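Colleague: Pasting structure_24.txt below, which is compact mmCIF, C-alpha atoms and all ligand atoms.
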# COMPACT_ATOMS: atom_id res chain seq x y z
CA MET P 670 -7.30 17.74 -7.77
CA SER P 671 -4.18 16.06 -9.04
CA ARG P 672 -2.58 13.49 -6.81
CA VAL P 673 1.06 12.38 -7.13
CA MET P 674 1.10 8.76 -8.12
CA LEU P 675 2.51 6.36 -5.50
CA ILE P 676 4.28 3.20 -6.63
CA ALA P 677 4.79 1.06 -3.55
CA GLY P 678 6.58 -2.27 -3.25
CA ASN P 679 5.64 -4.73 -0.51
CA TRP P 680 8.47 -7.22 -0.13
CA LYS P 681 6.46 -9.28 2.39
CA MET P 682 8.70 -11.89 4.12
CA ASN P 683 11.42 -11.65 1.49
CA GLY P 684 14.82 -9.98 1.48
CA LEU P 685 18.18 -10.44 3.18
CA ARG P 686 21.09 -8.03 3.59
CA ALA P 687 22.56 -9.37 0.36
CA GLN P 688 19.64 -7.68 -1.46
CA LEU P 689 20.40 -4.17 -0.14
CA ASP P 690 22.15 -3.31 -3.43
CA PHE P 691 18.60 -3.09 -4.83
CA PHE P 692 18.19 0.43 -3.43
CA ALA P 693 21.28 2.02 -5.02
CA GLU P 694 20.53 0.22 -8.28
CA LEU P 695 16.94 1.49 -8.40
CA ALA P 696 17.94 5.00 -7.26
CA GLY P 697 20.42 5.13 -10.14
CA GLN P 698 17.52 4.71 -12.59
CA LEU P 699 15.14 7.36 -11.26
CA ASP P 700 16.35 10.41 -13.18
CA ASP P 701 13.11 11.03 -15.08
CA ASN P 702 10.82 9.81 -12.33
CA SER P 703 7.81 11.87 -11.25
CA ALA P 704 5.88 9.24 -9.27
CA GLU P 705 6.58 8.76 -5.57
CA VAL P 706 8.51 5.55 -4.93
CA LEU P 707 8.15 3.48 -1.78
CA ILE P 708 9.63 0.12 -0.81
CA CYS P 709 8.41 -1.74 2.28
CA PRO P 710 11.12 -4.29 3.07
CA PRO P 711 10.89 -6.69 6.01
CA THR P 712 11.48 -5.00 9.39
CA SER P 713 14.89 -6.68 9.62
CA LEU P 714 16.09 -4.59 6.66
CA LEU P 715 14.23 -1.36 7.33
CA ALA P 716 16.96 0.71 9.01
CA ALA P 717 19.62 -0.45 6.55
CA ALA P 718 17.28 0.23 3.62
CA ALA P 719 16.53 3.71 4.97
CA MET P 720 20.24 4.39 5.21
CA ALA P 721 20.78 3.14 1.67
CA CYS P 722 18.04 5.54 0.49
CA GLU P 723 19.25 8.59 2.40
CA ASN P 724 20.27 10.59 -0.66
CA SER P 725 17.71 9.17 -3.04
CA PRO P 726 14.03 9.81 -3.73
CA ILE P 727 13.10 6.29 -2.56
CA ASN P 728 10.97 6.17 0.60
CA VAL P 729 10.89 3.14 2.84
CA GLY P 730 8.02 1.82 4.93
CA GLY P 731 6.97 -0.93 7.31
CA GLN P 732 4.54 -3.76 6.59
CA ASP P 733 2.62 -3.64 9.88
CA CYS P 734 2.73 -1.91 13.25
CA HIS P 735 1.24 -2.39 16.70
CA ALA P 736 -1.49 -0.02 17.85
CA ASN P 737 0.49 0.87 20.99
CA ILE P 738 3.55 3.06 21.10
CA SER P 739 5.57 0.68 23.31
CA GLY P 740 5.05 -2.00 25.95
CA ALA P 741 4.88 -5.72 26.65
CA HIS P 742 4.13 -6.99 23.13
CA THR P 743 6.81 -9.54 22.31
CA GLY P 744 7.73 -9.66 18.65
CA ASP P 745 5.72 -6.59 17.67
CA VAL P 746 6.96 -3.27 16.32
CA SER P 747 5.40 0.12 16.97
CA ALA P 748 4.82 2.88 14.44
CA GLN P 749 7.20 5.06 16.43
CA MET P 750 9.91 2.39 16.05
CA LEU P 751 9.28 2.26 12.30
CA ALA P 752 9.56 6.04 12.09
CA ASP P 753 12.73 5.88 14.17
CA SER P 754 14.14 3.38 11.66
CA GLY P 755 13.48 5.80 8.79
CA ALA P 756 10.02 4.71 7.61
CA SER P 757 7.61 7.27 6.25
CA TYR P 758 4.77 4.80 5.56
CA VAL P 759 3.37 1.61 7.02
CA ILE P 760 1.04 -0.93 5.41
CA VAL P 761 -1.82 -1.86 7.76
CA GLY P 762 -4.58 -4.42 7.35
CA HIS P 763 -2.98 -6.37 4.53
CA SER P 764 -5.17 -9.40 3.81
CA GLU P 765 -2.28 -11.70 4.73
CA ARG P 766 -2.21 -10.13 8.20
CA ARG P 767 -5.99 -10.20 8.48
CA ALA P 768 -5.90 -13.93 7.60
CA ASP P 769 -2.69 -15.06 9.34
CA HIS P 770 -3.09 -12.98 12.51
CA ASN P 771 -6.88 -12.63 12.73
CA GLU P 772 -6.64 -8.86 12.47
CA THR P 773 -10.02 -7.18 12.45
CA SER P 774 -10.90 -3.84 10.90
CA VAL P 775 -11.09 -2.42 14.44
CA ASP P 776 -7.44 -3.47 14.94
CA VAL P 777 -6.52 -1.98 11.58
CA ARG P 778 -8.13 1.35 12.45
CA ALA P 779 -6.14 1.50 15.71
CA LYS P 780 -2.92 0.73 13.82
CA ALA P 781 -3.65 3.42 11.22
CA LYS P 782 -4.30 5.92 14.02
CA ALA P 783 -1.01 4.93 15.71
CA ALA P 784 0.84 5.45 12.43
CA LEU P 785 -0.56 8.97 12.00
CA GLU P 786 0.31 9.79 15.60
CA ALA P 787 3.89 8.60 14.99
CA GLY P 788 4.11 10.89 11.96
CA ILE P 789 3.99 8.23 9.26
CA SER P 790 1.34 7.52 6.65
CA PRO P 791 -0.79 4.40 6.92
CA ILE P 792 -1.57 2.45 3.75
CA ILE P 793 -4.89 0.88 4.73
CA CYS P 794 -5.60 -2.31 2.77
CA VAL P 795 -9.06 -3.58 1.90
CA GLY P 796 -10.31 -6.22 -0.50
CA GLU P 797 -12.90 -8.91 -1.06
CA THR P 798 -12.51 -12.67 -1.44
CA LEU P 799 -13.46 -14.47 -4.65
CA ASP P 800 -16.63 -15.85 -3.01
CA GLN P 801 -17.71 -12.33 -2.05
CA ARG P 802 -17.10 -11.12 -5.61
CA LYS P 803 -18.96 -14.08 -7.13
CA ALA P 804 -21.89 -13.41 -4.81
CA GLY P 805 -22.05 -9.81 -6.06
CA ASN P 806 -21.08 -8.41 -2.66
CA ALA P 807 -17.65 -6.97 -3.47
CA THR P 808 -18.42 -3.24 -3.35
CA THR P 809 -20.65 -3.50 -0.27
CA PHE P 810 -18.08 -5.61 1.58
CA VAL P 811 -15.09 -3.42 0.69
CA GLY P 812 -17.00 -0.23 1.52
CA GLU P 813 -17.93 -1.53 4.96
CA GLN P 814 -14.43 -2.89 5.57
CA LEU P 815 -12.96 0.48 4.66
CA LEU P 816 -15.29 2.51 6.85
CA GLN P 817 -14.44 0.25 9.81
CA SER P 818 -10.69 0.36 9.09
CA ILE P 819 -10.20 4.07 8.54
CA PRO P 820 -9.72 6.42 11.52
CA GLU P 821 -12.41 8.92 10.57
CA SER P 822 -11.40 12.08 12.39
CA GLU P 823 -7.74 11.63 11.45
CA LEU P 824 -8.81 11.16 7.84
CA LEU P 825 -10.69 14.45 7.96
CA ASN P 826 -7.65 16.20 9.47
CA ASN P 827 -4.99 14.53 7.32
CA PRO P 828 -6.59 13.32 4.08
CA ALA P 829 -3.30 13.53 2.16
CA ARG P 830 -1.48 11.41 4.73
CA VAL P 831 -3.89 8.50 4.51
CA VAL P 832 -3.46 6.04 1.63
CA ILE P 833 -5.95 3.31 0.76
CA ALA P 834 -5.00 0.15 -1.14
CA TYR P 835 -7.70 -1.91 -2.83
CA GLU P 836 -6.31 -5.43 -3.06
CA PRO P 837 -8.80 -8.13 -4.04
CA VAL P 838 -7.67 -11.15 -2.00
CA TRP P 839 -8.06 -13.49 -4.97
CA ALA P 840 -5.74 -11.36 -7.12
CA ILE P 841 -2.80 -11.38 -4.70
CA GLY P 842 0.08 -13.55 -5.85
CA THR P 843 -2.16 -15.47 -8.25
CA GLY P 844 -1.40 -13.77 -11.56
CA MET P 845 -5.13 -12.91 -11.83
CA THR P 846 -5.77 -9.17 -11.83
CA ALA P 847 -9.19 -7.65 -11.46
CA SER P 848 -10.55 -6.38 -14.77
CA ARG P 849 -10.11 -2.69 -15.53
CA ALA P 850 -13.88 -2.27 -15.29
CA ASP P 851 -13.98 -3.89 -11.83
CA ILE P 852 -11.03 -1.81 -10.60
CA ALA P 853 -12.61 1.39 -11.94
CA GLU P 854 -15.93 0.54 -10.28
CA MET P 855 -14.33 -0.24 -6.91
CA HIS P 856 -12.05 2.79 -6.89
CA ALA P 857 -14.94 5.10 -7.77
CA HIS P 858 -16.97 3.48 -4.97
CA ILE P 859 -14.12 4.04 -2.47
CA ARG P 860 -13.58 7.63 -3.64
CA GLY P 861 -17.30 8.23 -3.11
CA LEU P 862 -16.96 7.17 0.54
CA LEU P 863 -14.20 9.73 1.22
CA PRO P 864 -14.82 13.37 2.11
CA PRO P 865 -15.44 15.36 -1.09
CA GLY P 866 -12.17 16.63 -2.59
CA ALA P 867 -10.02 14.53 -0.22
CA SER P 868 -6.47 14.20 -1.51
CA THR P 869 -6.29 10.63 -0.16
CA ARG P 870 -4.69 8.33 -2.71
CA ILE P 871 -6.22 4.99 -3.68
CA LEU P 872 -3.78 2.32 -4.88
CA TYR P 873 -4.61 -0.94 -6.65
CA GLY P 874 -2.79 -4.12 -5.66
CA GLY P 875 -2.99 -7.73 -6.84
CA SER P 876 -0.70 -9.19 -9.51
CA VAL P 877 0.40 -5.80 -10.87
CA LYS P 878 3.15 -6.56 -13.39
CA PRO P 879 5.10 -4.59 -16.01
CA ASP P 880 2.72 -5.76 -18.76
CA ASN P 881 -0.57 -4.74 -17.08
CA ALA P 882 0.54 -1.68 -15.07
CA ALA P 883 -0.08 0.97 -17.73
CA GLY P 884 -3.68 -0.12 -18.28
CA ILE P 885 -4.44 -0.14 -14.54
CA LEU P 886 -2.65 3.13 -13.73
CA ALA P 887 -4.47 4.92 -16.56
CA LEU P 888 -7.82 4.52 -14.75
CA ASP P 889 -9.19 7.78 -13.32
CA ASP P 890 -9.39 6.91 -9.63
CA VAL P 891 -6.21 4.81 -9.52
CA ASP P 892 -3.46 6.84 -7.85
CA GLY P 893 -0.77 4.18 -7.85
CA ALA P 894 -0.08 0.54 -7.12
CA LEU P 895 0.88 -1.73 -4.24
CA ILE P 896 3.11 -4.39 -5.72
CA GLY P 897 4.26 -7.67 -4.21
CA GLY P 898 6.22 -10.09 -6.40
CA ALA P 899 7.12 -7.58 -9.12
CA SER P 900 8.68 -5.21 -6.58
CA LEU P 901 11.48 -7.64 -5.74
CA ALA P 902 13.45 -7.02 -8.94
CA VAL P 903 14.72 -3.61 -9.98
CA SER P 904 13.97 -4.31 -13.64
CA SER P 905 10.27 -5.03 -13.06
CA ILE P 906 9.50 -2.21 -10.61
CA LYS P 907 11.37 0.18 -12.91
CA LYS P 908 9.06 -0.84 -15.79
CA ILE P 909 6.01 -0.21 -13.58
CA LEU P 910 7.44 3.19 -12.62
CA ASP P 911 7.93 3.96 -16.31
CA ALA P 912 4.25 3.13 -16.85
CA ALA P 913 3.30 5.46 -13.97
CA ASN P 914 5.44 8.28 -15.33
CA THR P 915 3.75 8.22 -18.71
CA GLN P 916 0.26 8.73 -17.25
CA PRO P 917 -1.16 12.14 -18.18
CA LYS P 918 -2.82 12.74 -14.77
P1 LIG J 1 1.37 -9.46 -5.76
O1 LIG J 1 1.74 -8.23 -6.54
O2 LIG J 1 2.51 -10.42 -5.60
O3 LIG J 1 0.11 -10.07 -6.26
O4 LIG J 1 1.06 -8.98 -4.25
C1 LIG J 1 0.18 -7.91 -4.06
C2 LIG J 1 0.23 -7.53 -2.64
O5 LIG J 1 -0.24 -8.25 -1.77
C3 LIG J 1 0.86 -6.24 -2.29
O6 LIG J 1 0.60 -5.88 -0.98
Would you write out, as structure tokens, the structure that this file holds?
Modeller:
Amino acid sequence: MSRVMLIAGNWKMNGLRAQLDFFAELAGQLDDNSAEVLICPPTSLLAAAAMACENSPINVGGQDCHANISGAHTGDVSAQMLADSGASYVIVGHSERRADHNETSVDVRAKAKAALEAGISPIICVGETLDQRKAGNATTFVGEQLLQSIPESELLNNPARVVIAYEPVWAIGTGMTASRADIAEMHAHIRGLLPPGASTRILYGGSVKPDNAAGILALDDVDGALIGGASLAVSSIKKILDAANTQPK
């Protein structure tokens, strides 16, 4: 089954209103684009970014959501609020949130479920630390983390609306990418844990750059990329999109 490639930018805690020109500039360069394009700006820019993308193929998404729809949760944002701001996706369980906010896989599963209920697609992040990889435990750890983080019945009902991102923690923001062999092994392992024939996409994230994107995106079970640093400049994300568009799959 062919899956449309998803090239997703995670701006993390970067971006001010002065950067909103990014969206029109990128949209102006998407004529020959066949991959799906998503940018997840900080929540402060989400509604303005969605407005800037109204007549363009660029989708916008959130970087986290609360598991509840509303209530007494100061500082949090619900999936319904993200949808209301124009988001069609939300990243959940990013390793920075798991580390900085002690989010567990049980929390991540509840957030992913909330996203689906609000009508937006969760991008569920999983990934091992360097110690886990060195100890030979990477696939076992990531498999268990995924099975705990994914809302199972919703996955069965909406396989195309669930996205998984494999992001080895040690590859994020370090300039070290996993080897193509390691990515291929992990993505095949993850695909094997999904229902047979599921149209769920599996993205790779961790120091994806214009010069390594083509090699990563060419791998069989890689359906796109989740990009941090290189998504902040139009020129670099455009080069990664070009690499995605030349993939035969
Ligand atoms: P970098 O591309 O900056 O390594 O970040 C990856 C990431 O964490 C995307 O969610």
Colleague: Which residues sit within 10 Å of ligand LIG 1 (chain J), counting all atoms listed in the file, listed as JSON, numbers by chain?
Modeller: {"P": [677, 678, 679, 680, 681, 709, 732, 760, 761, 762, 763, 764, 765, 792, 794, 834, 835, 836, 837, 838, 839, 840, 841, 842, 843, 844, 845, 846, 873, 874, 875, 876, 877, 878, 894, 895, 896, 897, 898, 899, 900, 901]}
Colleague: Work out how far CA of Leu715 (chain P) is from CA of Ser757 (chain P), in Å to one decimal.
Modeller: 10.9 Å
Colleague: Would you please work out which residue, of P:Ser790, P:Gln749, P:Asn724, P:Ser868, is nearest to Ala736 (chain P) when using all atoms listed in the file?
Modeller: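 Distance minimum relative to Ala736 (chain P) lands on P:Gln749.
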Colleague: Rank P:Lys907, P:Arg849, P:Arg767, P:His735 by their smallest atom-to-atom distance to Lys780 (chain P), using all atoms listed in the file, and report the top residue only.
Modeller: P:His735
Colleague: For Pro726 (chain P), which of P:Gln817, P:Gln916, P:Thr712, P:Ser703 is the closest residue, counting only C-alpha atoms?
Modeller: P:Ser703
Colleague: Quick one: distance from CA of Leu689 (chain P) to CA of Leu751 (chain P) in Å, one decimal?
Modeller: 17.9 Å
Colleague: Need the shell around Glu813 (chain P): protein/DNA/RNA residues with any atom at most 12 Å away, counting all atoms listed in the file. Skip same-chain ones fewer than 3 positions apart. Format as a PyMOL selection string?
Modeller: chain P and resi 774-775+795-797+806-810+816-819+858-859+862
Colleague: So what do you get for CA of Leu707 (chain P) versus CA of Leu675 (chain P), distance-wise?
Modeller: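 Atom-to-atom, CA of Leu707 (chain P) and CA of Leu675 (chain P) are spaced 7.3 Å apart.
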Colleague: Closest to Ile676 (chain P) among P:Asn771, P:Asn827, P:Ser754, P:Asn702, using only C-alpha atoms?
Modeller: P:Asn702
Colleague: Hey, which of P:Val891, P:Ala781, P:Ile738, P:Ala912 ends up closest to Arg870 (chain P)? Count all atoms listed in the file.
Modeller: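 The shortest atom-to-atom distance to Arg870 (chain P) comes from P:Val891.
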Colleague: Using all atoms listed in the file, which residue out of P:Met720, P:Ala784, P:Leu863, P:Val777 lies closest to Gly812 (chain P)?
Modeller: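 Result for the nearest residue to Gly812 (chain P): P:Leu863.
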Colleague: Pick out the residues sitting within 12 Å of Gln698 (chain P), and hand them over as a list in words; count all atoms listed in the file, and ignore anything fewer than 2 positions along from it in its own chain.
Modeller: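 Listed by chain and then number, they are Phe691, Phe692, Ala693, Glu694, Leu695, Ala696, Asp700, Asp701, Asn702, Val706, Ser725, Pro726, Ile727, Val903, Ser904, Ile906, Lys907, Lys908, Leu910 and Asp911 of chain P.
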Colleague: Write out as a compact mmCIF listing (two decimals) with C-alpha atoms, in the coordinates of the input each polymer residue whose atoms come within 9 Å of Ala756 (chain P), counting only C-alpha atoms; drop sequence neighbours fewer than 4 positions from it.
Modeller:
# COMPACT_ATOMS: atom_id res chain seq x y z
CA CYS P 709 8.41 -1.74 2.28
CA LEU P 715 14.23 -1.36 7.33
CA ALA P 716 16.96 0.71 9.01
CA ALA P 719 16.53 3.71 4.97
CA ASN P 728 10.97 6.17 0.60
CA VAL P 729 10.89 3.14 2.84
CA GLY P 730 8.02 1.82 4.93
CA GLY P 731 6.97 -0.93 7.31
CA ALA P 748 4.82 2.88 14.44
CA MET P 750 9.91 2.39 16.05
CA LEU P 751 9.28 2.26 12.30
CA ALA P 752 9.56 6.04 12.09
CA ILE P 789 3.99 8.23 9.26
Colleague: For region 830-841 of chain P, which lacks atoms in the input, supply N, CA, C and O atoms and format the output as a compact mmCIF listing (two decimals), in the frame of the given file.
Modeller:
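Once written, selection16.txt looks like this:
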# COMPACT_ATOMS: atom_id res chain seq x y z
N ARG P 830 -2.42 12.34 4.09
CA ARG P 830 -1.48 11.41 4.73
C ARG P 830 -2.03 9.99 4.82
O ARG P 830 -1.32 9.07 5.18
N VAL P 831 -3.30 9.84 4.49
CA VAL P 831 -3.89 8.50 4.51
C VAL P 831 -3.89 7.95 3.08
O VAL P 831 -4.24 8.66 2.13
N VAL P 832 -3.45 6.71 2.94
CA VAL P 832 -3.46 6.04 1.63
C VAL P 832 -4.32 4.79 1.78
O VAL P 832 -4.28 4.12 2.82
N ILE P 833 -5.11 4.52 0.76
CA ILE P 833 -5.95 3.31 0.76
C ILE P 833 -5.44 2.40 -0.35
O ILE P 833 -5.07 2.88 -1.43
N ALA P 834 -5.37 1.10 -0.08
CA ALA P 834 -5.00 0.15 -1.14
C ALA P 834 -6.13 -0.85 -1.31
O ALA P 834 -6.48 -1.55 -0.35
N TYR P 835 -6.70 -0.89 -2.51
CA TYR P 835 -7.70 -1.91 -2.83
C TYR P 835 -6.96 -3.12 -3.39
O TYR P 835 -6.36 -3.04 -4.46
N GLU P 836 -6.99 -4.21 -2.63
CA GLU P 836 -6.31 -5.43 -3.06
C GLU P 836 -7.28 -6.60 -2.98
O GLU P 836 -7.47 -7.17 -1.88
N PRO P 837 -7.92 -6.96 -4.09
CA PRO P 837 -8.80 -8.13 -4.04
C PRO P 837 -7.98 -9.34 -3.61
O PRO P 837 -6.92 -9.62 -4.19
N VAL P 838 -8.45 -10.05 -2.59
CA VAL P 838 -7.67 -11.15 -2.00
C VAL P 838 -7.31 -12.19 -3.07
O VAL P 838 -6.19 -12.70 -3.11
N TRP P 839 -8.25 -12.44 -3.97
CA TRP P 839 -8.06 -13.49 -4.97
C TRP P 839 -7.06 -13.09 -6.06
O TRP P 839 -6.63 -13.93 -6.86
N ALA P 840 -6.68 -11.82 -6.09
CA ALA P 840 -5.74 -11.36 -7.12
C ALA P 840 -4.31 -11.30 -6.60
O ALA P 840 -3.38 -11.06 -7.37
N ILE P 841 -4.13 -11.53 -5.30
CA ILE P 841 -2.80 -11.38 -4.70
C ILE P 841 -1.97 -12.63 -4.94
O ILE P 841 -2.35 -13.73 -4.52
